[in-house]
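A short worksheet on the structure shown next.
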Amino acid sequence: MYLQHFGLTHAPLGKELTEPWDDGTLAHLTERFNWLLNSPGVGLITGEPGVGKTAALRNITKSLNPHRYLVLYQAETDFGRVDIYRGLARALGIEPNYRRAQLWRDIKQRIHELVDTKQTTPVWIIDEAQNLPPEFFRDLPAFLNFAFDSRDLISVWLVAHPALAHTLARAPYAALASRIQVRVELKPVLQRERFAKLIAHAFKSAGATGTLLSDSGLEIVRQASKGLPRNAATILCTAMRLAVPKGLNHLPDEILQQAIGELQ
């Protein structure tokens with residue numbers, strides 16, 4: 001109801017956003033992502049929850065040629081290491097074997113077929129990677145060993161909270177850390193000018209014809225959201241819902257404060 005009231009096609013900063021705002025950060029990530037398409041390897045993307053890691057990757061991968069790249073996305077990571085590979089096997093169209101050794105062989109054979117027969121590069125994106133078991137991080141380099149470690153056939157992106165970067169810097173994970181070719185950290189949009197541009201783009205992309213927030217309201221949202229797009233989106237949507245019964249066509253500061261209070 002609030003979308004119709006404000007004349008919007010979708011929620012500002014919502015998942016339906018087709019044209020994400022970018023002041024260079026997304027372009028930087030896209031460039032690094034393409035590096036691993038051309039030369040498969042391991043990439044690490046870190047950032048606070050709600051900063052837009054998954055949304056950025058979703059935007060990048062949607063334009064990939066499906067005949068050249070097979071995107072495999074996993075977010076169920078709080079399981080044992082064998083369960084992770086079982087999920088990968090299913091994504092590849094393989095019936096998972098109950099024995100890990102055979103499971104690995106089946107997956108690797110399938111990857112070889114994709115690359116050598118279909119000229120298709122698998123891109124394995126593991127979201128919430130900070131929840132992966134330690135054994136997975138120790139195993140992954142061995143799993144990525146193809147043909148006496150002479151070929152790199154699959155790109156793997158670990159998407160996680162910043163703490164994972166510190167975890168992988170520890171000695172037990174040195175083999176995996178040495179394989180990480182690309183590291184990208186997405187940071188909150190804390191600067192006032194950048195945050196203002198983010199919100200302006202969000203409303204314009206959603207179909208708004210005017211400004212719904214005052215400068216002071218914008219500052220309220222910036223501080224309360226801590227510069228995290230997901231938090232800002234939740235505050236704005238809650239405020240718009242609160243504004244509808246009052247017949248308001250903008251978001252006054254008191255409505256924003258009320259929305260923040262309800263979300264705490």
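Naming scheme: A, B, ... for chains in displayed order of the structure tokens; residues 1 onward per chain; ligands 1 onward as shown.
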Spatial neighbours of Pro122 of chain A, 8 Å, only C-alpha atoms, chain gap at least 2 places, as a list in words: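 Selected residues are Tyr69, Leu70, Val71, Leu72, Ile111, Leu114, Val115, Thr120, Trp124, Leu153, Ile154 and Ser155 of chain A.
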Identify all residues of segment 37-88 of chain A in alpha helix (DSSP H) (DSSP on the backbone) and supply them as a list in words.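 For segment 37-88 of chain A, the alpha helix (DSSP H) set is Leu37, Asn38, Lys53, Thr54, Ala55, Ala56, Leu57, Arg58, Asn59, Ile60, Thr61, Arg81, Val82, Asp83, Ile84, Tyr85, Arg86, Gly87 and Leu88 of chain A.
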Would you save the residues of that selection, restricted to C-alpha atoms, as an mmCIF file, in the first residue's frame?
```
data_model
loop_
_atom_site.group_PDB
_atom_site.id
_atom_site.type_symbol
_atom_site.label_atom_id
_atom_site.label_comp_id
_atom_site.auth_asym_id
_atom_site.auth_seq_id
_atom_site.Cartn_x
_atom_site.Cartn_y
_atom_site.Cartn_z
ATOM 1 C CA LEU A 37 36.469 -15.199 -14.797
ATOM 2 C CA ASN A 38 39.461 -14.891 -17.083
ATOM 3 C CA LYS A 53 27.766 -7.884 -0.704
ATOM 4 C CA THR A 54 25.184 -10.330 -2.027
ATOM 5 C CA ALA A 55 23.277 -7.639 -3.919
ATOM 6 C CA ALA A 56 26.467 -6.537 -5.653
ATOM 7 C CA LEU A 57 27.302 -10.074 -6.753
ATOM 8 C CA ARG A 58 23.723 -10.668 -7.878
ATOM 9 C CA ASN A 59 23.964 -7.579 -10.075
ATOM 10 C CA ILE A 60 27.313 -8.645 -11.536
ATOM 11 C CA THR A 61 26.362 -12.242 -12.273
ATOM 12 C CA ARG A 81 32.010 -29.796 5.249
ATOM 13 C CA VAL A 82 30.534 -32.823 3.481
ATOM 14 C CA ASP A 83 27.130 -31.120 3.423
ATOM 15 C CA ILE A 84 28.693 -28.151 1.641
ATOM 16 C CA TYR A 85 30.089 -30.354 -1.098
ATOM 17 C CA ARG A 86 26.813 -32.229 -1.300
ATOM 18 C CA GLY A 87 25.111 -28.913 -1.993
ATOM 19 C CA LEU A 88 27.662 -28.176 -4.704
#
```
Would you list the contacts of Phe143 of chain A as a PyMOL selection string, taking every protein, DNA or RNA residue within 10 Å and counting only C-alpha atoms, but skipping same-chain residues closer than 6 positions in sequence? chain A and resi 85+104-105+107-108+136
Using only C-alpha atoms, can you tell me which of A:Arg179, A:Cys237, A:Lys226, A:Asp215 comes closest to Glu193 of chain A? A:Asp215
Take atom CA of His10 of chain A and atom CA of Ala129 of chain A and report the distance between them in Å, one decimal.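 Separation of atom CA of His10 of chain A and atom CA of Ala129 of chain A: 29.5 Å.
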Quick one: residues within 12 Å of Ala171 of chain A, only C-alpha atoms, excluding same-chain residues fewer than 5 positions away - as a list in words?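 Using only C-alpha atoms, the neighbours found are Phe137, Arg138, His166, Leu176, Ala177 and Ser178 of chain A.
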So, with only C-alpha atoms as the atoms that count, which of A:Val156, A:Ala89, A:Glu135, A:Glu219 lies closest to Leu36 of chain A?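 Of the candidates, the smallest distance to Leu36 of chain A is held by A:Val156.
The residue that comes closest to Leu228 of chain A, out of A:Val123, A:Leu190, A:Leu3, A:Val159 and on the basis of only C-alpha atoms, is A:Leu190.
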Apply DSSP to the structure's backbone, then extract all residues of segment 85-194 of chain A labelled strand (DSSP E) and return them as a VMD selection string. chain A and resid 121 to 126 155 to 160 180 to 186
Hey, can you check how far atom CA of Arg241 of chain A sits from atom CA of Val221 of chain A? 15.6 Å
Atomic distance atom CA of Ile220 of chain A - atom CA of Asp23 of chain A, expressed in Å with one decimal: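 Straight-line distance from atom CA of Ile220 of chain A to atom CA of Asp23 of chain A works out to 22.1 Å.
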